[in-house]
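Peer 1: Next up, input-v5.cif (mmCIF, C-alpha atoms).
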data_model
#
loop_
_atom_site.label_atom_id
_atom_site.label_comp_id
_atom_site.auth_asym_id
_atom_site.auth_seq_id
_atom_site.Cartn_x
_atom_site.Cartn_y
_atom_site.Cartn_z
CA MET G 26 52.75 97.13 61.06
CA ARG G 27 51.27 93.72 61.73
CA TRP G 28 48.78 92.70 59.09
CA ILE G 29 45.72 90.98 60.45
CA LEU G 30 43.65 90.61 57.33
CA LEU G 31 44.50 92.88 54.46
CA THR G 32 46.02 96.31 54.16
CA LEU G 33 45.40 99.51 52.34
CA VAL G 34 48.89 100.82 51.76
CA PHE G 35 49.49 101.55 48.08
CA ILE G 36 53.00 102.30 46.90
CA GLY G 37 53.80 104.51 43.92
CA CYS G 38 51.16 106.68 42.27
CA ASN G 39 51.76 105.52 38.70
CA THR G 40 51.77 101.84 39.66
CA LEU G 41 48.66 102.35 41.75
CA SER G 42 46.69 104.00 38.95
CA GLN G 43 47.65 101.35 36.45
CA THR G 44 46.91 98.47 38.80
CA LEU G 45 43.59 99.80 39.99
CA GLY G 46 42.51 100.31 36.42
CA GLU G 47 42.46 96.53 36.07
CA VAL G 48 40.14 96.06 39.01
CA GLY G 49 36.43 95.57 38.41
CA ARG G 50 36.75 94.10 34.93
CA GLY G 51 34.44 91.12 35.18
CA SER G 52 31.32 89.61 33.80
CA ALA G 53 29.01 91.36 36.26
CA ALA G 54 26.88 94.21 35.01
CA GLU G 55 28.22 97.70 35.60
CA ASN G 56 25.55 98.54 38.14
CA HIS G 57 26.69 95.56 40.23
CA THR G 58 30.24 96.94 40.55
CA VAL G 59 31.07 98.23 44.05
CA ASN G 60 32.80 101.60 43.74
CA LEU G 61 35.29 102.36 46.50
CA ALA G 62 37.78 105.17 47.12
CA THR G 63 41.08 105.59 48.91
CA ASN G 64 43.74 108.23 49.33
CA ILE G 65 47.41 107.25 48.97
CA SER G 66 48.64 106.63 52.50
CA SER G 67 52.09 105.11 52.38
CA ALA G 68 55.37 105.24 54.21
CA PHE G 69 57.50 104.55 51.14
CA THR G 70 57.72 105.65 47.55
CA SER G 71 59.27 102.46 46.14
CA ASP G 72 57.07 99.67 44.80
CA LEU G 73 56.60 96.61 46.95
CA PRO G 74 57.11 93.10 45.60
CA SER G 75 54.11 91.11 44.46
CA GLY G 76 52.74 88.97 47.24
CA SER G 77 53.92 91.24 50.05
CA PRO G 78 51.43 91.97 52.83
CA GLN G 79 51.07 95.54 51.58
CA ASN G 80 49.67 94.34 48.24
CA LEU G 81 45.96 94.95 48.71
CA LEU G 82 44.52 93.80 45.43
CA PRO G 83 44.81 89.99 45.79
CA HIS G 84 42.97 90.19 49.11
CA LEU G 85 40.25 92.44 47.79
CA ARG G 86 39.85 90.20 44.77
CA CYS G 87 39.46 87.23 47.13
CA ILE G 88 36.75 88.95 49.18
CA PHE G 89 34.74 90.12 46.20
CA LYS G 90 35.19 86.86 44.30
CA GLN G 91 33.72 84.98 47.25
CA MET G 92 30.83 87.44 47.25
CA GLY G 93 30.30 87.17 43.48
CA ARG G 94 30.76 90.91 43.02
CA ASP G 95 33.03 93.18 40.99
CA PHE G 96 34.68 96.22 42.51
CA ASN G 97 36.58 99.33 41.52
CA VAL G 98 38.90 101.53 43.60
CA GLN G 99 39.51 105.19 42.80
CA ILE G 100 42.26 107.41 44.17
CA MET G 101 40.96 110.67 45.60
CA PRO G 102 41.65 112.98 48.53
CA TRP G 103 40.29 111.64 51.79
CA ARG G 104 37.87 114.53 52.35
CA ARG G 105 36.48 114.24 48.84
CA ALA G 106 35.88 110.53 49.43
CA TYR G 107 33.92 111.41 52.55
CA GLN G 108 31.78 113.90 50.60
CA ASP G 109 31.23 111.43 47.75
CA VAL G 110 29.96 108.77 50.16
CA LYS G 111 27.68 111.32 51.81
CA SER G 112 26.26 112.34 48.43
CA ASN G 113 25.95 108.72 47.17
CA ARG G 114 28.48 109.16 44.35
CA ILE G 115 30.59 106.22 45.62
CA ASP G 116 29.69 103.14 47.66
CA GLY G 117 32.45 103.31 50.27
CA PHE G 118 35.89 104.58 51.28
CA PHE G 119 38.73 103.23 53.39
CA THR G 120 39.61 104.93 56.65
CA ALA G 121 41.37 104.36 59.94
CA VAL G 122 39.60 107.36 61.43
CA PRO G 123 35.98 106.78 62.55
CA MET G 124 34.04 110.00 62.16
CA ARG G 125 30.86 111.04 63.93
CA GLN G 126 29.82 113.24 61.01
CA ILE G 127 29.70 110.32 58.57
CA ASP G 128 27.84 107.90 60.84
CA PRO G 129 24.37 109.07 59.70
CA TYR G 130 25.32 108.35 56.07
CA ALA G 131 27.56 105.27 56.24
CA VAL G 132 28.38 102.15 58.26
CA LEU G 133 31.94 101.07 59.14
CA SER G 134 32.95 97.51 58.30
CA SER G 135 34.93 95.15 60.52
CA PRO G 136 38.65 96.00 60.65
CA LEU G 137 40.66 95.03 57.59
CA VAL G 138 44.02 95.90 59.09
CA LEU G 139 45.34 97.07 62.43
CA GLU G 140 48.11 99.63 62.48
CA ASN G 141 50.42 100.19 65.44
CA TRP G 142 51.05 103.90 65.98
CA TYR G 143 53.97 105.27 68.01
CA TRP G 144 55.32 108.75 68.71
CA PHE G 145 58.99 109.14 67.69
CA TRP G 146 61.28 111.98 68.77
CA ARG G 147 64.99 112.82 69.11
CA PRO G 148 66.95 111.77 72.21
CA ASP G 149 67.74 115.43 72.98
CA THR G 150 64.04 116.24 73.43
CA VAL G 151 62.27 115.77 76.74
CA ALA G 152 58.95 114.08 75.98
CA PRO G 153 55.88 115.77 77.46
CA GLU G 154 52.64 114.11 78.48
CA SER G 155 51.11 115.47 75.30
CA TRP G 156 52.61 116.72 72.03
CA ARG G 157 49.60 118.95 71.42
CA GLU G 158 51.16 122.34 72.18
CA GLY G 159 54.63 123.84 71.82
CA TYR G 160 56.07 121.13 69.55
CA LYS G 161 56.52 120.97 65.79
CA LEU G 162 54.73 117.90 64.43
CA GLY G 163 55.43 116.32 61.08
CA SER G 164 53.37 113.87 59.03
CA ILE G 165 53.13 112.19 55.65
CA LEU G 166 51.04 114.20 53.23
CA GLY G 167 47.58 112.65 52.90
CA SER G 168 48.25 109.91 55.44
CA GLN G 169 45.83 108.52 58.00
CA GLN G 170 48.08 109.97 60.73
CA GLU G 171 47.80 113.46 59.22
CA THR G 172 44.04 113.08 59.02
CA TRP G 173 43.78 111.87 62.60
CA LEU G 174 46.04 114.65 63.91
CA GLY G 175 43.86 117.26 62.21
CA GLU G 176 40.64 115.70 63.53
CA ALA G 177 42.13 115.60 67.06
CA GLY G 178 43.14 119.27 67.01
CA TYR G 179 46.91 118.84 66.56
CA ARG G 180 48.77 121.35 64.39
CA VAL G 181 50.99 119.74 61.77
CA GLU G 182 53.93 122.05 61.05
CA MET G 183 55.47 120.19 58.11
CA SER G 184 54.39 117.42 55.73
CA ALA G 185 56.57 115.12 53.64
CA ASN G 186 55.85 112.77 50.77
CA ASN G 187 57.12 109.69 52.61
CA LEU G 188 58.48 108.49 55.91
CA PRO G 189 62.21 108.58 55.03
CA GLN G 190 61.83 112.28 54.21
CA LEU G 191 60.01 112.79 57.51
CA ILE G 192 62.80 111.07 59.46
CA LYS G 193 65.36 113.38 57.82
CA LEU G 194 63.31 116.38 58.95
CA LEU G 195 63.22 114.95 62.46
CA LYS G 196 66.95 114.32 62.60
CA SER G 197 67.72 117.82 61.26
CA LYS G 198 65.53 119.33 64.03
CA ARG G 199 63.11 120.93 61.58
CA ILE G 200 60.35 119.02 63.40
CA ASP G 201 60.20 117.62 66.93
CA VAL G 202 58.01 114.54 66.69
CA VAL G 203 56.49 112.08 64.24
CA LEU G 204 53.41 109.84 64.62
CA ALA G 205 53.93 106.67 62.57
CA ASP G 206 53.44 102.93 62.44
CA ARG G 207 56.37 101.42 64.33
CA GLU G 208 57.40 98.80 61.80
CA HIS G 209 57.19 101.34 58.99
CA PHE G 210 59.43 103.68 60.98
CA VAL G 211 62.01 100.97 61.65
CA GLN G 212 62.05 99.97 57.98
CA ALA G 213 62.37 103.58 56.80
CA ALA G 214 65.24 104.21 59.22
CA HIS G 215 66.98 101.09 57.90
CA GLU G 216 66.49 102.39 54.35
CA LEU G 217 68.33 105.56 55.43
CA LYS G 218 71.06 103.45 57.10
CA MET G 219 70.02 104.84 60.49
CA ASP G 220 69.46 102.98 63.74
CA ALA G 221 65.79 103.35 64.67
CA ASN G 222 66.81 102.97 68.32
CA HIS G 223 68.56 106.33 68.01
CA PHE G 224 65.12 107.87 68.37
CA GLN G 225 62.93 107.67 71.43
CA ALA G 226 59.51 106.08 71.05
CA ARG G 227 56.26 105.82 72.97
CA PHE G 228 53.31 103.59 72.14
CA PHE G 229 50.23 105.61 71.22
CA ARG G 230 47.45 103.32 70.02
CA TYR G 231 46.31 100.56 67.71
CA VAL G 232 44.23 101.79 64.80
CA PRO G 233 41.69 99.58 62.99
CA LEU G 234 41.30 100.36 59.29
CA GLY G 235 37.96 99.56 57.72
CA VAL G 236 35.53 100.63 54.98
CA TYR G 237 32.72 103.12 55.44
CA PHE G 238 29.93 101.82 53.20
CA ASN G 239 27.24 104.18 51.96
CA GLU G 240 23.96 103.76 53.88
CA GLN G 241 21.91 103.91 50.68
CA PHE G 242 24.11 101.24 49.07
CA LEU G 243 23.63 98.98 52.10
CA THR G 244 19.88 99.51 52.02
CA GLN G 245 19.83 98.40 48.40
CA ASN G 246 22.15 95.46 49.24
CA PRO G 247 20.92 94.34 52.68
CA ASP G 248 23.17 91.24 52.92
CA PHE G 249 26.31 92.92 51.65
CA LEU G 250 27.98 94.11 54.87
CA LEU G 251 27.48 90.84 56.73
CA SER G 252 28.94 88.90 53.81
CA PHE G 253 31.84 91.36 53.41
CA ASN G 254 32.78 91.08 57.09
CA GLN G 255 32.59 87.28 56.99
CA GLN G 256 34.90 87.06 53.94
CA ILE G 257 37.57 89.25 55.55
CA ILE G 258 38.75 86.43 57.81
CA GLY G 259 38.58 83.74 55.15
CA CYS G 260 40.73 85.80 52.77
CA SER G 261 43.35 86.76 55.35
CA THR G 262 46.93 85.58 54.90
CA ALA G 263 48.40 86.66 58.22
CA ARG G 264 47.48 86.76 61.90
CA PHE G 265 47.70 89.88 64.01
CA VAL G 266 50.12 89.25 66.84
CA VAL G 267 52.25 91.38 69.12
CA SER G 268 55.83 91.78 67.96
CA GLU G 269 58.80 90.38 69.89
CA TYR G 270 59.56 93.93 71.00
CA GLU G 271 56.08 94.32 72.47
CA GLN G 272 56.12 90.84 73.98
CA GLN G 273 59.24 91.85 75.89
CA GLN G 274 57.55 95.07 77.03
CA ILE G 275 54.54 93.13 78.32
CA LYS G 276 56.72 90.56 80.08
CA GLU G 277 58.66 93.29 81.87
CA LEU G 278 55.46 94.79 83.23
CA LEU G 279 53.48 91.65 84.09
CA MET G 280 55.72 88.63 84.65
CA ARG G 281 56.76 89.38 88.23
CA LYS G 282 53.10 89.77 89.16
CA ILE G 283 52.12 86.62 87.27
CA GLU G 284 54.78 84.62 89.11
CA ARG G 285 53.17 85.71 92.38
CA TRP G 286 49.68 84.92 91.14
CA LYS G 287 50.80 81.41 90.16
CA GLN G 288 51.50 80.82 93.86
CA LEU G 289 48.14 81.97 95.23
CA PRO G 290 47.27 80.38 98.61
CA LYS G 291 45.17 77.22 98.25
CA LEU G 292 45.59 77.15 94.46
CA GLU G 293 47.83 74.06 94.37
CA ALA G 294 45.56 72.12 96.76
CA LEU G 295 42.50 73.08 94.72
CA LEU G 296 44.05 71.94 91.44
CA LYS G 297 45.21 68.63 92.95
CA GLU G 298 41.67 67.97 94.15
CA ARG G 299 40.12 68.88 90.80
CA ASN G 300 42.63 66.82 88.84
CA ILE G 301 41.77 63.71 90.85
CA LYS G 302 38.11 64.17 89.88
CA SER G 303 38.63 65.08 86.23
CA ARG G 304 40.96 62.13 85.53
CA SER G 305 37.93 59.84 85.57
CA PHE G 306 35.91 61.98 83.12
CA THR G 307 35.38 60.44 79.71
CA GLU G 308 35.63 62.64 76.62
CA GLN G 309 31.87 62.31 76.24
CA GLU G 310 31.30 63.56 79.79
CA ILE G 311 33.55 66.55 79.17
CA ALA G 312 31.73 67.31 75.92
CA GLU G 313 28.35 67.14 77.66
CA ARG G 314 29.46 69.49 80.44
CA ASP G 315 30.92 71.87 77.87
CA LYS G 316 27.68 71.81 75.85
CA LYS G 317 25.54 72.56 78.91
CA TRP G 318 27.89 75.38 79.93
CA ILE G 319 27.76 76.94 76.44
CA GLN G 320 23.97 76.78 76.34
CA ALA G 321 23.71 78.33 79.80
CA PHE G 322 26.09 81.12 78.74
CA LEU G 323 24.05 81.87 75.63
CA HIS G 324 20.87 82.16 77.71
CA ASN G 325 22.49 84.15 80.56
CA ASP G 326 21.60 81.33 82.96
CA PHE G 327 24.70 80.90 85.12
CA SER G 328 23.34 78.52 87.74
CA TYR G 329 24.93 75.51 86.03
CA PRO G 330 28.37 77.06 85.30
CA ILE G 331 28.67 78.54 88.79
CA ASP G 332 28.39 75.09 90.36
CA LEU G 333 31.40 73.90 88.34
CA VAL G 334 33.91 76.53 89.49
CA ASP G 335 35.41 77.27 92.88
CA GLN G 336 33.84 80.45 94.22
CA GLU G 337 36.54 81.42 96.71
CA MET G 338 39.32 81.24 94.12
CA SER G 339 37.13 82.95 91.53
CA ALA G 340 36.61 85.83 93.95
CA ARG G 341 40.38 86.07 94.38
CA LEU G 342 40.83 86.27 90.60
CA ARG G 343 38.25 89.05 90.41
CA GLU G 344 40.20 90.99 93.02
CA ILE G 345 43.43 90.63 91.00
CA LYS G 346 41.60 91.85 87.90
CA LYS G 347 40.21 94.84 89.81
CA GLN G 348 43.65 95.81 91.12
CA SER G 349 45.15 95.72 87.62
CA GLN G 350 43.32 98.94 86.68
CA ASP G 351 41.76 97.38 83.57
CA VAL G 352 45.04 95.97 82.20
CA ILE G 353 43.73 92.46 82.99
CA THR G 354 40.34 91.83 81.39
CA GLU G 355 39.77 88.27 82.66
CA ILE G 356 41.57 85.39 84.40
CA ILE G 357 40.93 81.66 83.96
CA VAL G 358 42.47 78.78 85.89
CA THR G 359 42.12 75.31 84.34
CA ASP G 360 43.01 71.85 85.56
CA ALA G 361 45.27 69.38 83.75
CA ARG G 362 42.56 68.54 81.22
CA GLY G 363 41.75 72.13 80.38
CA LEU G 364 38.51 72.35 82.40
CA ASN G 365 37.65 75.61 84.16
CA VAL G 366 38.46 75.52 87.87
CA ALA G 367 38.17 79.23 88.69
CA ILE G 368 37.19 82.26 86.58
CA SER G 369 37.10 86.00 87.14
CA ASP G 370 34.35 86.43 84.53
CA MET G 371 31.90 84.05 82.92
CA THR G 372 33.54 82.33 79.95
CA SER G 373 31.77 81.27 76.77
CA ASP G 374 32.84 77.63 77.24
CA TYR G 375 33.91 75.22 79.97
CA TRP G 376 36.67 73.26 78.23
CA GLN G 377 39.82 75.10 77.14
CA GLY G 378 41.76 71.92 76.43
CA ASP G 379 41.52 72.16 72.62
CA GLU G 380 42.65 75.79 72.40
CA GLU G 381 46.16 77.19 71.96
CA LYS G 382 46.02 79.08 75.22
CA PHE G 383 46.05 75.66 76.92
CA THR G 384 47.88 73.35 74.52
CA GLU G 385 50.82 75.71 73.97
CA VAL G 386 51.83 75.88 77.64
CA PHE G 387 50.48 72.89 79.58
CA SER G 388 53.37 70.71 80.87
CA ARG G 389 55.86 72.98 79.09
CA PRO G 390 58.81 74.51 81.02
CA ALA G 391 57.73 76.52 84.04
CA ASN G 392 58.85 79.80 82.46
CA ALA G 393 56.86 79.16 79.27
CA ILE G 394 54.47 81.87 78.16
CA HIS G 395 52.10 81.94 75.21
CA PHE G 396 50.84 85.11 73.53
CA GLY G 397 47.64 84.61 71.59
CA GLU G 398 46.40 86.65 68.67
CA ILE G 399 45.14 90.17 69.23
CA ASN G 400 41.38 90.41 68.83
CA TYR G 401 39.47 93.62 68.30
CA ASP G 402 36.24 93.82 70.27
CA GLU G 403 33.92 96.08 68.27
CA SER G 404 31.50 96.56 71.18
CA THR G 405 34.15 97.76 73.66
CA LYS G 406 36.65 99.15 71.10
CA ARG G 407 39.38 97.20 72.91
CA PHE G 408 42.32 95.20 71.60
CA GLN G 409 42.81 92.09 73.69
CA LEU G 410 44.92 88.95 73.73
CA HIS G 411 45.19 85.86 75.88
CA LEU G 412 48.47 85.33 77.73
CA SER G 413 48.83 81.89 79.34
CA VAL G 414 51.35 80.19 81.64
CA PRO G 415 51.67 76.64 83.03
CA LEU G 416 50.99 75.73 86.67
CA TYR G 417 53.03 73.16 88.63
CA THR G 418 53.24 71.65 92.11
CA GLU G 419 55.84 73.41 94.22
CA LYS G 420 57.78 70.34 95.42
CA LYS G 421 57.46 67.51 92.90
CA PHE G 422 57.10 69.82 89.92
CA GLU G 423 54.15 67.99 88.43
CA PRO G 424 51.90 69.78 85.90
CA LEU G 425 48.64 70.94 87.45
CA GLY G 426 46.95 73.13 84.85
CA VAL G 427 47.13 76.50 83.16
CA MET G 428 46.49 80.12 84.15
CA VAL G 429 45.13 82.34 81.37
CA PHE G 430 45.04 86.15 81.42
CA GLY G 431 43.02 88.36 79.12
CA VAL G 432 45.13 91.48 78.54
CA ASP G 433 44.13 94.88 77.19
CA VAL G 434 47.09 95.37 74.86
CA GLU G 435 46.82 99.14 74.50
CA LYS G 436 46.67 99.68 78.25
CA VAL G 437 49.58 97.38 79.05
CA LEU G 438 51.81 98.88 76.38
CA SER G 439 50.90 102.40 77.53
CA GLN G 440 51.82 101.50 81.11
CA THR G 441 55.18 100.05 80.12
CA GLN G 442 56.11 103.49 78.78
#
Could you spell out this file's structure in structure tokens?
Peer 2:
Amino acid sequence: MRWILLTLVFIGCNTLSQTLGEVGRGSAAENHTVNLATNISSAFTSDLPSGSPQNLLPHLRCIFKQMGRDFNVQIMPWRRAYQDVKSNRIDGFFTAVPMRQIDPYAVLSSPLVLENWYWFWRPDTVAPESWREGYKLGSILGSQQETWLGEAGYRVEMSANNLPQLIKLLKSKRIDVVLADREHFVQAAHELKMDANHFQARFFRYVPLGVYFNEQFLTQNPDFLLSFNQQIIGCSTARFVVSEYEQQQIKELLMRKIERWKQLPKLEALLKERNIKSRSFTEQEIAERDKKWIQAFLHNDFSYPIDLVDQEMSARLREIKKQSQDVITEIIVTDARGLNVAISDMTSDYWQGDEEKFTEVFSRPANAIHFGEINYDESTKRFQLHLSVPLYTEKKFEPLGVMVFGVDVEKVLSQTQ
């Protein structure tokens, strides 16, 4: 699991109850305390060290301290938490499973954590397109995976208290397949002195975990949700990035194509021409162009931005995006100063020169590649990252600019498998 902001994995029932009992003790009046609920959804039974990413409380304390609020977290079954939010007995509950039936009564916050779910099965089993019928599924009792499987119509044959127990059931052929976070699975296998690579695996999906806040509570506290979502980022301690394993998977699928796209006809000549012009731009001129572009973007007036990019090359980038079957979400080509030269889709700014997607690859070795952070787009429900590579002249090997690809992470990982 890669922790983007904070996580809701509690380890050990006794430790959890004792620790949560300390939460919410502050100077605020009792009616100002935000009452939340969670079920115990963990891969392990052993306690985690203080300060580990799985330790939720410091992050929650940070969020609520910044908001000037106290909070309390209760342990209860997931379905009871849903009913208690619906009946206004609690203010919110944590879930990785958005539910249509709760939407009239509660509003889901921005993601607090993103989990990375994979199917795992034995090497002697031929994997079907779907594990829905004819296979014995196992899950952790009370876990988000068990909840999701039930909501999606899967039949769970056996439940275990933790992931190591589940792996033992899988190895002994008492179940056929497990749905689990990949890093949790690898760690649990290591705990059992097993090689996780002994099992076959297939990427399933990323899962954003958030808080469903009671609609009545939000009506009484109209600024709460906006403030809560804003504090999530400020209190984060880790970025959400693709693992080395997944980076390798993405490279294997895309890099041959990207190498071809770096050699598009007329691209080198276009960049040489643009670099001659942009060399004379002062920083103030670049800032003014960027400001005008941003304002035009905000007002959906693209007459100014369109004049700054090459239309023929932009059309070629749109065609590449179309042929990718939604794996590629956007393509940007910049010159040596990070200014847009061609774009498949309208960008929010003109100058990329101060961003990692440019600075981490420009004039670096020709095989350099930079993977940006994964961002969750709430409006499209997509997980995307920027992948960027340097561009050079073919003969003299002089740096020309950068090519940036927006990538739908779920789609690309699904295609690799």
Peer 1: Using the chain letters and numbers from the file, give me the residues hit by the PyMOL selection byres ((chain G and resi 196) around 12), as a list of chain:residue names.
Peer 2: G:Phe145, G:Trp146, G:Arg147, G:Pro148, G:Asp149, G:Thr150, G:Gly163, G:Pro189, G:Gln190, G:Leu191, G:Ile192, G:Lys193, G:Leu194, G:Leu195, G:Ser197, G:Lys198, G:Arg199, G:Ile200, G:Asp201, G:Val202, G:Val203, G:Ala214, G:Leu217, G:Met219, G:Asp220, G:Ala221, G:His223, G:Phe224, G:Gln225
Peer 1: I'd like the neighbourhood of G:Ile357 as a VMD selection string, where a residue qualifies if any of its atoms comes within 10 Å (using all atoms listed in the file), though same-chain residues fewer than 4 positions away should be ignored.
Peer 2: chain G and resid 339 342 364 to 372 377 413 427 to 431
Peer 1: For G:Gly363, list every protein, DNA or RNA residue within 6 Å, evaluated using only C-alpha atoms, and leave out those in the same chain fewer than 3 positions away; present the list as a list in words.
Peer 2: Thr359, Asp360, Trp376, Gln377 and Gly378 of chain G
Peer 1: At a cut-off of 9 Å, using all atoms listed in the file, what residues contact stretch 113-127 of chain G? Leave out same-chain residues fewer than 2 positions from it and give the result as number ranges by chain.
Peer 2: G: 33, 59-64, 98, 103, 106-111, 129-133, 136, 138-140, 169-170, 172-173, 176, 232-243
Peer 1: Please indicate the distance in Å from atom CA of G:Ile356 to atom CA of G:Leu289, rounded to one decimal place.
Peer 2: 13.1 Å
Peer 1: Applied to the shown file, which residues does the PyMOL selection byres ((chain G and resi 399-401) around 6) return, written as an MDAnalysis selection string?
Peer 2: chainID G and resid 265:266 398 402 407:410
